[in-house]
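**Student:** Next up, input_31.cif (mmCIF, C-alpha atoms).
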data_model
#
loop_
_atom_site.label_atom_id
_atom_site.label_comp_id
_atom_site.auth_asym_id
_atom_site.auth_seq_id
_atom_site.Cartn_x
_atom_site.Cartn_y
_atom_site.Cartn_z
CA MET A 285 5.73 12.53 -30.10
CA ARG A 286 3.85 12.29 -26.96
CA ARG A 287 4.78 14.18 -23.96
CA ARG A 288 3.80 12.92 -20.62
CA ASP A 289 3.91 14.78 -17.44
CA LEU A 290 3.05 13.53 -14.09
CA LEU A 291 3.01 15.35 -10.89
CA ALA A 292 3.25 12.70 -8.30
CA GLY A 293 3.30 12.91 -4.60
CA VAL A 294 5.81 10.16 -4.48
CA ALA A 295 4.77 7.62 -2.00
CA SER A 296 7.08 7.86 0.87
CA VAL A 297 9.13 10.93 0.25
CA GLY A 298 7.24 12.85 2.83
CA VAL A 299 8.32 10.30 5.31
CA LEU A 300 11.92 11.00 4.83
CA GLY A 301 11.53 14.70 4.63
CA GLY A 302 9.69 14.56 7.87
CA ALA A 303 6.81 16.26 6.15
CA GLY A 304 3.26 16.44 7.23
CA VAL A 305 0.41 14.28 8.12
CA VAL A 306 0.14 12.29 4.97
CA ALA A 307 3.51 10.80 5.19
CA SER A 308 3.20 7.60 3.25
CA GLY A 309 1.81 6.19 0.08
CA GLY A 310 -1.52 6.27 1.70
CA VAL A 311 -2.61 9.58 0.43
CA PRO A 312 -6.39 9.43 0.37
CA ASP A 313 -6.80 8.10 -3.06
CA SER A 314 -8.78 10.72 -4.84
CA LEU A 315 -7.57 9.37 -8.14
CA ASP A 316 -9.42 6.19 -7.52
CA GLY A 317 -12.29 7.79 -5.76
CA SER A 318 -11.97 5.18 -3.09
CA ALA A 319 -11.70 7.46 -0.14
CA PRO A 320 -12.64 11.01 0.57
CA ASP A 321 -9.84 13.48 0.45
CA GLY A 322 -8.82 15.38 3.48
CA ARG A 323 -8.24 14.40 6.99
CA GLY A 324 -11.60 14.81 8.53
CA ASP A 325 -13.74 12.09 9.95
CA VAL A 326 -14.65 9.48 7.47
CA ALA A 327 -16.87 7.23 9.46
CA ASP A 328 -17.90 5.20 6.47
CA GLU A 329 -14.41 4.79 5.12
CA ASN A 330 -14.61 1.15 5.96
CA GLY A 331 -17.33 -1.19 4.94
CA GLY A 332 -16.19 -3.26 2.01
CA GLY A 333 -18.37 -1.53 -0.49
CA GLY A 334 -21.44 -1.13 1.67
CA ASP A 335 -23.02 2.26 1.38
CA ASP A 336 -24.63 2.81 4.70
CA GLU A 337 -24.05 0.67 7.69
CA PRO A 338 -20.52 -0.66 7.70
CA GLY A 339 -20.18 -4.40 8.06
CA PRO A 340 -18.13 -5.98 10.79
CA VAL A 341 -14.41 -6.19 10.18
CA GLU A 342 -13.06 -9.69 10.06
CA PRO A 343 -10.55 -10.04 12.89
CA VAL A 344 -6.88 -10.66 12.29
CA THR A 345 -4.33 -11.93 14.79
CA LEU A 346 -1.09 -9.97 15.12
CA GLN A 347 2.09 -10.40 17.09
CA THR A 348 2.52 -8.01 19.97
CA VAL A 349 5.76 -6.39 21.05
CA ASP A 350 7.35 -6.67 24.45
CA ALA A 351 7.43 -3.01 25.44
CA PRO A 352 6.17 -0.86 28.32
CA GLY A 353 2.44 -1.48 28.77
CA SER A 354 2.63 -4.23 26.16
CA ARG A 355 3.81 -7.83 26.19
CA ASP A 356 5.18 -10.45 23.88
CA GLY A 357 2.35 -12.50 22.42
CA GLU A 358 -0.61 -12.14 20.13
CA VAL A 359 -3.69 -10.00 19.89
CA THR A 360 -6.80 -10.41 17.77
CA LEU A 361 -8.07 -7.17 16.26
CA PRO A 362 -10.70 -5.99 16.36
CA ALA A 363 -11.46 -7.68 19.66
CA PRO A 364 -14.32 -10.14 19.23
CA ASP A 365 -16.21 -9.08 22.34
CA ARG A 366 -15.40 -5.51 23.22
CA PRO A 367 -14.75 -2.16 21.59
CA THR A 368 -11.31 -1.64 20.08
CA PHE A 369 -9.27 1.47 19.43
CA VAL A 370 -6.38 1.14 16.99
CA ASP A 371 -3.73 3.77 16.39
CA PHE A 372 -1.69 3.08 13.24
CA PHE A 373 1.79 4.49 13.58
CA GLY A 374 5.33 4.09 12.34
CA THR A 375 8.61 4.83 14.03
CA TRP A 376 9.59 6.70 10.85
CA CYS A 377 6.60 9.02 11.10
CA PRO A 378 7.15 12.30 12.95
CA PRO A 379 3.46 13.18 13.32
CA CYS A 380 2.94 9.79 14.90
CA ALA A 381 5.47 10.72 17.54
CA GLU A 382 3.98 14.16 18.00
CA GLN A 383 0.61 12.84 18.95
CA MET A 384 1.86 10.28 21.45
CA PRO A 385 1.19 12.57 24.45
CA ASP A 386 -2.41 12.96 23.27
CA LEU A 387 -2.79 9.24 22.80
CA ALA A 388 -1.36 8.71 26.25
CA ALA A 389 -3.84 11.17 27.73
CA ALA A 390 -6.72 9.50 25.89
CA HIS A 391 -5.51 6.12 27.08
CA GLU A 392 -5.41 7.45 30.62
CA ARG A 393 -8.99 8.65 30.38
CA ILE A 394 -10.75 5.94 28.43
CA GLY A 395 -8.25 3.13 27.97
CA ASP A 396 -10.10 0.86 30.39
CA GLU A 397 -13.21 0.83 28.25
CA VAL A 398 -11.66 -0.45 25.04
CA LEU A 399 -8.89 -2.65 23.79
CA PHE A 400 -6.45 0.19 23.19
CA VAL A 401 -3.63 -0.70 20.84
CA SER A 402 -1.04 0.91 18.59
CA VAL A 403 -0.12 -0.96 15.41
CA THR A 404 2.82 -0.52 13.07
CA THR A 405 3.13 -2.00 9.57
CA GLU A 406 6.91 -1.88 9.66
CA PRO A 407 8.71 -5.18 8.96
CA VAL A 408 9.25 -5.84 12.66
CA GLY A 409 11.60 -8.69 13.35
CA GLU A 410 12.94 -8.43 9.82
CA ALA A 411 14.52 -5.27 8.45
CA VAL A 412 13.27 -3.26 11.40
CA SER A 413 14.23 -4.84 14.68
CA GLU A 414 11.88 -5.21 17.59
CA GLU A 415 14.34 -3.11 19.60
CA THR A 416 13.72 -0.21 17.23
CA ILE A 417 10.05 -0.33 18.10
CA VAL A 418 10.74 -0.69 21.81
CA GLU A 419 13.15 2.22 21.85
CA TRP A 420 10.67 4.44 20.04
CA TRP A 421 7.95 3.33 22.42
CA ASN A 422 10.13 4.18 25.40
CA GLU A 423 11.18 7.47 23.98
CA HIS A 424 7.58 8.55 23.45
CA ASP A 425 6.26 7.15 26.71
CA GLY A 426 3.94 4.57 25.23
CA ASP A 427 2.27 2.52 27.93
CA TRP A 428 -0.26 0.30 26.22
CA LEU A 429 -0.42 -2.64 23.85
CA VAL A 430 1.67 -2.34 20.69
CA ALA A 431 1.43 -4.83 17.82
CA ALA A 432 3.08 -5.47 14.45
CA ASP A 433 1.01 -5.85 11.29
CA ILE A 434 3.87 -6.82 9.02
CA ALA A 435 1.60 -8.11 6.27
CA ALA A 436 -0.47 -4.90 6.44
CA GLU A 437 -3.46 -7.18 6.78
CA LEU A 438 -5.26 -5.22 9.48
CA ALA A 439 -4.34 -1.99 7.71
CA ALA A 440 -6.02 -3.33 4.57
CA ARG A 441 -9.14 -4.48 6.40
CA LEU A 442 -9.47 -1.06 7.96
CA ASN A 443 -8.57 0.81 4.77
CA VAL A 444 -5.62 2.54 6.30
CA GLY A 445 -3.75 4.60 3.78
CA GLY A 446 -1.72 7.10 5.75
CA TYR A 447 0.04 7.38 9.05
CA PRO A 448 -1.01 8.16 11.65
CA SER A 449 -4.53 6.83 11.30
CA ALA A 450 -6.98 5.73 13.94
CA ARG A 451 -10.04 3.51 14.07
CA ALA A 452 -12.55 3.08 16.83
CA ILE A 453 -14.50 -0.14 16.40
CA ASP A 454 -17.52 -1.20 18.40
CA ALA A 455 -17.98 -4.52 20.16
CA SER A 456 -19.66 -5.99 17.09
CA GLY A 457 -16.59 -5.23 14.98
CA ARG A 458 -18.04 -2.25 13.11
CA VAL A 459 -15.93 0.82 12.53
CA ARG A 460 -17.48 3.83 14.24
CA TRP A 461 -14.70 6.32 13.86
CA ALA A 462 -12.12 6.36 11.09
CA THR A 463 -9.65 9.15 10.76
CA SER A 464 -6.18 10.04 9.64
CA GLY A 465 -3.80 12.70 10.81
CA THR A 466 -3.02 13.85 14.29
CA HIS A 467 -5.60 14.54 16.96
CA THR A 468 -5.93 15.94 20.43
CA ALA A 469 -6.68 13.78 23.42
CA GLU A 470 -10.19 15.20 23.47
CA GLU A 471 -10.75 14.18 19.86
CA PHE A 472 -9.49 10.69 20.52
CA VAL A 473 -11.78 10.33 23.49
CA GLU A 474 -14.78 11.55 21.53
CA GLY A 475 -13.95 9.22 18.67
CA ILE A 476 -13.60 6.25 20.96
CA GLU A 477 -16.87 7.12 22.68
CA ARG A 478 -18.64 6.64 19.36
CA ALA A 479 -17.65 3.01 19.51
CA LEU A 480 -18.85 2.69 23.10
CA ASP A 481 -22.31 4.07 22.44
CA GLN A 482 -23.31 1.33 20.09
CA MET B 1 8.95 8.49 -29.29
CA ASP B 2 7.70 9.28 -25.89
CA ARG B 3 9.16 12.01 -23.89
CA ARG B 4 8.52 11.27 -20.32
CA HIS B 5 8.66 13.56 -17.46
CA PHE B 6 8.33 12.60 -13.92
CA LEU B 7 8.18 15.48 -11.56
CA ARG B 8 8.43 14.44 -8.05
CA SER B 9 7.36 16.34 -5.09
CA LEU B 10 7.73 16.16 -1.41
CA ALA B 11 4.30 17.52 -0.75
CA GLY B 12 1.94 14.61 -1.03
CA THR B 13 -1.50 16.00 -0.66
CA GLY B 14 -1.27 19.20 -2.60
CA VAL B 15 0.32 17.52 -5.50
CA VAL B 16 -2.26 14.82 -5.60
CA ALA B 17 -4.96 17.41 -5.81
CA GLY B 18 -3.10 18.94 -8.73
CA THR B 19 -2.88 15.63 -10.46
CA THR B 20 -6.54 15.03 -10.02
CA ALA B 21 -7.43 18.33 -11.52
CA THR B 22 -5.24 17.65 -14.50
CA ALA B 23 -6.71 14.22 -14.86
CA GLY B 24 -10.21 15.60 -14.92
CA CYS B 25 -9.39 17.77 -17.91
CA ALA B 26 -7.18 15.44 -19.84
CA GLY B 27 -9.63 12.62 -20.44
CA VAL B 28 -7.14 10.46 -22.25
CA LEU B 29 -8.83 7.26 -21.26
CA GLY B 30 -11.97 5.81 -22.65
CA ASP B 31 -12.74 8.31 -25.36
CA GLY B 32 -9.31 7.75 -26.63
CA ASP B 33 -8.65 10.67 -28.90
CA ALA B 34 -7.66 13.33 -26.45
CA ASP B 35 -4.02 12.89 -27.16
CA GLY B 36 -4.41 12.08 -30.79
CA SER B 37 -3.61 8.43 -30.42
CA ASP B 38 -5.82 5.75 -31.75
CA ASP B 39 -8.01 3.94 -29.33
CA ALA B 40 -7.79 0.30 -30.00
CA SER B 41 -8.11 -0.22 -26.29
CA GLY B 42 -11.81 -0.83 -26.52
CA GLU B 43 -11.02 -4.05 -28.29
CA ARG B 44 -7.82 -4.93 -26.60
CA THR B 45 -9.02 -4.74 -23.05
CA ILE B 46 -11.65 -6.50 -21.08
CA LEU B 47 -12.29 -3.70 -18.64
CA GLY B 48 -13.85 -0.47 -19.75
CA PRO B 49 -12.23 2.82 -18.91
CA PRO B 50 -11.87 3.53 -15.20
CA GLU B 51 -14.26 5.99 -13.66
CA GLN B 52 -11.56 8.56 -13.32
CA SER B 53 -8.80 9.28 -15.73
CA ARG B 54 -5.22 9.02 -14.62
CA GLY B 55 -4.11 12.12 -16.44
CA ASP B 56 -1.14 11.53 -18.63
CA PRO B 57 1.16 9.41 -16.55
CA VAL B 58 4.65 8.16 -17.20
CA HIS B 59 3.76 4.54 -16.77
CA PRO B 60 1.65 2.43 -19.12
CA ILE B 61 -2.08 2.76 -18.74
CA ARG B 62 -5.16 0.89 -19.91
CA GLY B 63 -4.97 -0.14 -23.53
CA GLU B 64 -1.20 0.11 -23.80
CA GLU B 65 1.25 -2.73 -24.09
CA MET B 66 3.07 -3.89 -21.04
CA PRO B 67 6.77 -3.08 -21.50
CA GLU B 68 8.84 -6.14 -22.28
CA PHE B 69 11.78 -6.93 -20.09
CA THR B 70 13.43 -9.96 -18.55
CA ILE B 71 14.60 -10.20 -14.95
CA PRO B 72 16.00 -13.03 -12.84
CA ASP B 73 13.64 -14.80 -10.47
CA PRO B 74 16.06 -15.58 -7.65
CA ILE B 75 13.85 -18.17 -6.01
CA THR B 76 13.32 -20.39 -9.04
CA GLY B 77 16.77 -19.59 -10.33
CA GLY B 78 15.33 -18.83 -13.74
CA GLU B 79 14.34 -15.68 -15.55
CA VAL B 80 10.97 -14.12 -16.08
CA SER B 81 10.00 -12.12 -19.12
CA THR B 82 6.92 -9.95 -19.10
CA ALA B 83 6.25 -11.28 -22.59
CA GLN B 84 6.24 -14.94 -21.64
CA PHE B 85 2.70 -14.83 -20.30
CA GLU B 86 1.10 -13.72 -23.51
CA GLY B 87 -1.68 -16.01 -24.55
CA GLU B 88 -1.52 -17.87 -21.25
CA ARG B 89 -1.76 -15.79 -18.13
CA ALA B 90 -3.07 -12.48 -16.98
CA PHE B 91 -0.67 -10.91 -14.52
CA MET B 92 -0.15 -8.25 -11.94
CA TRP B 93 3.08 -6.38 -11.51
CA THR B 94 4.33 -4.17 -8.74
CA SER B 95 7.63 -2.98 -7.31
CA PHE B 96 8.67 -2.90 -3.69
CA TYR B 97 11.51 -3.71 -1.31
CA THR B 98 11.44 -5.80 1.81
CA SER B 99 12.98 -3.21 4.12
CA CYS B 100 10.25 -0.75 3.30
CA PRO B 101 9.34 0.84 6.62
CA ASP B 102 6.25 2.81 5.85
CA GLY B 103 3.56 0.27 5.09
CA VAL B 104 3.42 0.91 1.35
CA CYS B 105 5.23 -2.24 0.23
CA PRO B 106 3.34 -4.75 2.36
CA ALA B 107 0.13 -3.09 1.19
CA LEU B 108 1.19 -3.64 -2.43
CA ILE B 109 2.22 -7.23 -1.80
CA LEU B 110 -1.02 -7.85 0.05
CA ARG B 111 -3.05 -6.79 -2.98
CA LEU B 112 -1.20 -9.17 -5.27
CA ARG B 113 -1.45 -11.90 -2.70
CA ARG B 114 -5.20 -11.45 -2.36
CA ALA B 115 -5.51 -11.84 -6.10
CA GLN B 116 -3.34 -14.93 -5.88
CA GLU B 117 -5.69 -16.35 -3.26
CA LEU B 118 -8.69 -15.66 -5.42
CA ALA B 119 -7.01 -17.37 -8.35
CA ALA B 120 -6.39 -20.42 -6.17
CA GLU B 121 -9.97 -20.49 -4.93
CA GLU B 122 -11.33 -20.28 -8.45
CA GLY B 123 -8.96 -22.85 -9.89
CA LEU B 124 -7.25 -20.19 -11.99
CA SER B 125 -3.75 -20.44 -10.59
CA ASP B 126 -2.44 -21.54 -13.97
CA GLU B 127 -4.00 -18.58 -15.71
CA ALA B 128 -2.44 -15.90 -13.57
CA ALA B 129 0.99 -14.64 -12.58
CA PHE B 130 2.13 -12.22 -9.91
CA LEU B 131 5.33 -10.28 -10.38
CA ALA B 132 6.81 -8.43 -7.43
CA GLN B 133 9.95 -6.64 -8.46
CA THR B 134 12.42 -5.42 -5.87
CA PHE B 135 14.45 -2.32 -6.50
CA ASP B 136 16.75 -3.24 -3.65
CA PRO B 137 18.53 -6.32 -5.03
CA GLU B 138 21.47 -5.75 -2.72
CA ARG B 139 19.44 -6.52 0.37
CA ASP B 140 16.64 -8.55 -1.22
CA THR B 141 18.38 -11.84 -1.87
CA ALA B 142 16.58 -15.08 -2.59
CA ASP B 143 16.60 -16.01 1.09
CA VAL B 144 15.33 -12.63 2.22
CA LEU B 145 12.55 -12.71 -0.35
CA ARG B 146 11.56 -16.23 0.60
CA GLU B 147 11.38 -15.29 4.25
CA TYR B 148 9.43 -12.17 3.41
CA ALA B 149 6.84 -14.22 1.53
CA GLY B 150 5.92 -16.55 4.37
CA PRO B 151 4.46 -14.20 6.98
CA ARG B 152 2.71 -12.26 4.24
CA GLY B 153 0.77 -15.22 2.97
CA VAL B 154 2.41 -15.38 -0.43
CA ASP B 155 2.18 -18.89 -1.89
CA LEU B 156 5.52 -19.52 -3.56
CA ASP B 157 4.52 -23.08 -4.34
CA ALA B 158 1.59 -22.09 -6.52
CA GLY B 159 3.99 -21.63 -9.40
CA ASN B 160 2.55 -18.27 -10.33
CA TRP B 161 4.35 -15.93 -7.97
CA HIS B 162 7.66 -14.49 -9.08
CA PHE B 163 9.86 -12.17 -7.15
CA LEU B 164 11.92 -10.28 -9.68
CA ARG B 165 15.39 -9.23 -8.72
CA PRO B 166 17.42 -7.12 -11.14
CA GLU B 167 21.04 -8.15 -11.43
CA SER B 168 22.22 -4.97 -9.81
CA TYR B 169 20.83 -1.90 -8.17
CA ASP B 170 21.77 0.18 -11.21
CA ALA B 171 20.14 -2.27 -13.58
CA GLY B 172 16.94 -1.99 -11.57
CA VAL B 173 17.04 1.78 -11.58
CA GLU B 174 17.49 1.84 -15.32
CA LEU B 175 14.74 -0.67 -15.90
CA MET B 176 12.26 1.24 -13.78
CA ASP B 177 13.08 4.52 -15.46
CA GLU B 178 12.99 3.19 -19.01
CA ASN B 179 9.89 1.09 -18.71
CA PHE B 180 7.81 2.91 -16.19
CA GLY B 181 9.27 6.38 -15.94
CA LEU B 182 9.72 5.77 -12.24
CA GLU B 183 12.76 7.20 -10.61
CA ILE B 184 14.27 5.15 -7.87
CA GLU B 185 16.71 6.76 -5.56
CA LYS B 186 18.54 5.52 -2.56
CA VAL B 187 18.08 7.83 0.38
CA PRO B 188 20.56 7.42 3.20
CA ASP B 189 19.03 7.22 6.64
CA GLU B 190 20.92 10.28 7.77
CA GLU B 191 18.77 10.94 10.75
CA ASN B 192 19.45 7.45 11.87
CA ARG B 193 15.87 6.55 12.40
CA TYR B 194 16.63 2.90 12.06
CA GLU B 195 19.42 1.16 13.73
CA ASN B 196 19.72 -1.32 10.91
CA LEU B 197 18.41 0.44 7.81
CA GLU B 198 21.15 2.34 6.10
CA TYR B 199 18.94 3.63 3.37
CA THR B 200 15.38 3.69 2.14
CA PHE B 201 13.67 4.29 -1.18
CA PRO B 202 10.98 6.86 -1.60
CA HIS B 203 8.83 5.29 -4.24
CA TYR B 204 5.64 5.20 -6.11
CA GLY B 205 3.17 2.45 -5.27
CA LEU B 206 2.22 1.40 -8.75
CA ILE B 207 0.33 -1.82 -9.50
CA LEU B 208 -0.33 -2.88 -13.09
CA LEU B 209 -2.93 -5.39 -14.18
CA VAL B 210 -2.15 -6.93 -17.57
CA ASN B 211 -4.41 -9.19 -19.62
CA LYS B 212 -3.50 -12.34 -21.46
CA ARG B 213 -2.75 -10.36 -24.58
CA GLY B 214 -0.07 -8.39 -22.78
CA ILE B 215 -2.18 -5.25 -22.68
CA VAL B 216 -2.49 -3.17 -19.55
CA GLU B 217 -6.03 -3.26 -18.19
CA ARG B 218 -5.48 -1.08 -15.20
CA ALA B 219 -2.72 0.99 -13.70
CA TYR B 220 -3.31 1.72 -10.04
CA PRO B 221 -0.96 4.59 -9.39
CA ARG B 222 -1.57 4.52 -5.68
CA GLY B 223 -1.96 0.83 -5.44
CA SER B 224 -1.20 0.65 -1.77
CA ALA B 225 -4.20 2.85 -1.01
CA THR B 226 -6.61 1.44 -3.58
CA GLU B 227 -9.31 -0.77 -2.14
CA VAL B 228 -8.28 -4.39 -2.14
CA GLU B 229 -11.74 -5.47 -3.26
CA GLN B 230 -11.55 -3.22 -6.30
CA ILE B 231 -8.23 -4.61 -7.43
CA VAL B 232 -9.22 -8.20 -6.81
CA SER B 233 -12.49 -7.81 -8.63
CA ASP B 234 -10.77 -6.16 -11.62
CA PHE B 235 -8.27 -8.99 -11.63
CA GLU B 236 -11.03 -11.58 -11.53
CA ARG B 237 -12.78 -10.08 -14.53
CA VAL B 238 -9.58 -9.98 -16.51
CA VAL B 239 -8.33 -13.44 -15.64
CA THR B 240 -11.68 -15.09 -16.34
CA ALA B 241 -12.31 -13.26 -19.61
#
Could you render the structure from this file as structure tokens?

**Tutor:**
Amino acid sequence: MRRRDLLAGVASVGVLGGAGVVASGGVPDSLDGSAPDGRGDVADENGGGGDDEPGPVEPVTLQTVDAPGSRDGEVTLPAPDRPTFVDFFGTWCPPCAEQMPDLAAAHERIGDEVLFVSVTTEPVGEAVSEETIVEWWNEHDGDWLVAADIAAELAARLNVGGYPSARAIDASGRVRWATSGTHTAEEFVEGIERALDQ
Amino acid sequence: MDRRHFLRSLAGTGVVAGTTATAGCAGVLGDGDADGSDDASGERTILGPPEQSRGDPVHPIRGEEMPEFTIPDPITGGEVSTAQFEGERAFMWTSFYTSCPDGVCPALILRLRRAQELAAEEGLSDEAAFLAQTFDPERDTADVLREYAGPRGVDLDAGNWHFLRPESYDAGVELMDENFGLEIEKVPDEENRYENLEYTFPHYGLILLVNKRGIVERAYPRGSATEVEQIVSDFERVVTA
């Protein structure tokens, strides 16, 4: 007889319990050794296997959502010719909502210097309606571009595992700041500045 | 007979750390004799043991046989058995549902789809299969699955992608529990976070990679967070072996 025990942080339970920062299946995957544990800065989280200098991220085009500060259309991320800041969020994710005031403050301060965008991987336009996103956006006073990555393609290219996560990418498409968990406006600004300095 | 326990926890991070620690001690993979079982896996698998052990999980791991079961493929109208690929195709299996709000399911599908793309590029489409099993058959009808595939780049015409849809929700729950030790549970959306999602499924983002002999080469227990390149490269080695 073989007895098997597994303690598993089941993927999305935290989501529904409204639990902490690592709310989805994207727990930093210490089992696979693919990403450092913890929620600190992991500037080299991206890079497709490169050890030192991360390579440029291949851009992907996403649909945008008609919401305050945003518009119905498309956006290519990362932007081919300017720095990009991406906030990965979900309307199901309480910490994502909690940090919206800080994102708004960061957007206020530095939003002109980057393509500043929030991205959800929810099935927008399918099981989750666009109105759900718009209502959440209104409720949390979002006022910048918001896009839907329903295939999780951008999330994969940027190695996003948990929500919220953020990436600041320089004008050449290289990730300069990669982080998960909530942050203050000051932290967002500092992270974004790393992508501007390049 | 296996006795399988699956303790679930709400606290993601802490529990993961615990699992890792256990895994580090258990060493059931590779050396093979930690749990007293024989290790024929060295001959049955193409890939060597993964760098880190998975502990002693409830689902099949490297060197073990893929559980055999048969489920309807609603798009082809036929049935798919996990045993039918033996001797012909390596395959990847995962479970998901289309209403999944939190990014886990599309991340799982994306990893299978990337492997499907690689197979197409390398002319190996006929040597691979991709099985994506819903545990939400009530909402995930043939039409819903077909529409889900399109925007996510899944090639339904390649003849190697199969959405698997259990005949009922209960049948799916039983199948997942019996074969993978994974508990599926419907959680009502009591807080009304979604205007049109009555319920969601907390779940475990498992991907399995199975060789042409029906033996598991890799179990990625957090498949949605495992690097795409890693999974695709493991798949390539197995399918070309």

**Student:** Please evaluate the PyMOL selection byres ((chain B and resi 71) around 6) against the displayed coordinates and give the resulting residues as a list in words.

**Tutor:** Thr70, Pro72, Glu79, Val80, Leu164 and Pro166 of chain B

**Student:** Write out as a VMD selection string the residues lying within 10 Å of Gly103 (chain B), counting only C-alpha atoms and excluding same-chain residues fewer than 5 positions away.

**Tutor:** (chain A and resid 296 308 to 310 373 to 374 404 to 407 433 to 436 439 444 to 447) or (chain B and resid 108 224)

**Student:** Kindly save the residues from that selection, with C-alpha atoms included, as a CSV table (one decimal), keeping the file's coordinate frame.

**Tutor:**
chain,number,residue,atom,x,y,z
A,296,SER,CA,7.1,7.9,0.9
A,308,SER,CA,3.2,7.6,3.2
A,309,GLY,CA,1.8,6.2,0.1
A,310,GLY,CA,-1.5,6.3,1.7
A,373,PHE,CA,1.8,4.5,13.6
A,374,GLY,CA,5.3,4.1,12.3
A,404,THR,CA,2.8,-0.5,13.1
A,405,THR,CA,3.1,-2.0,9.6
A,406,GLU,CA,6.9,-1.9,9.7
A,407,PRO,CA,8.7,-5.2,9.0
A,433,ASP,CA,1.0,-5.8,11.3
A,434,ILE,CA,3.9,-6.8,9.0
A,435,ALA,CA,1.6,-8.1,6.3
A,436,ALA,CA,-0.5,-4.9,6.4
A,439,ALA,CA,-4.3,-2.0,7.7
A,444,VAL,CA,-5.6,2.5,6.3
A,445,GLY,CA,-3.8,4.6,3.8
A,446,GLY,CA,-1.7,7.1,5.8
A,447,TYR,CA,0.0,7.4,9.0
B,108,LEU,CA,1.2,-3.6,-2.4
B,224,SER,CA,-1.2,0.6,-1.8

**Student:** Which residue out of B:Glu229, B:Glu86, B:Asp143, B:Glu174 has the minimum interatomic distance to chain A when all atoms listed in the file are used?

**Tutor:**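 Once distances to chain A are computed over all atoms listed in the file, the minimum belongs to B:Glu229.
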
**Student:** Any idea what the distance is between CA of Thr466 (chain A) and CA of Ile231 (chain B)?

**Tutor:** 29.0 Å

**Student:** Rank nothing, just name the residue among B:Tyr97, B:Val154, B:Gln116, B:Gly63 nearest to Leu47 (chain B), using all atoms listed in the file.

**Tutor:** B:Gly63
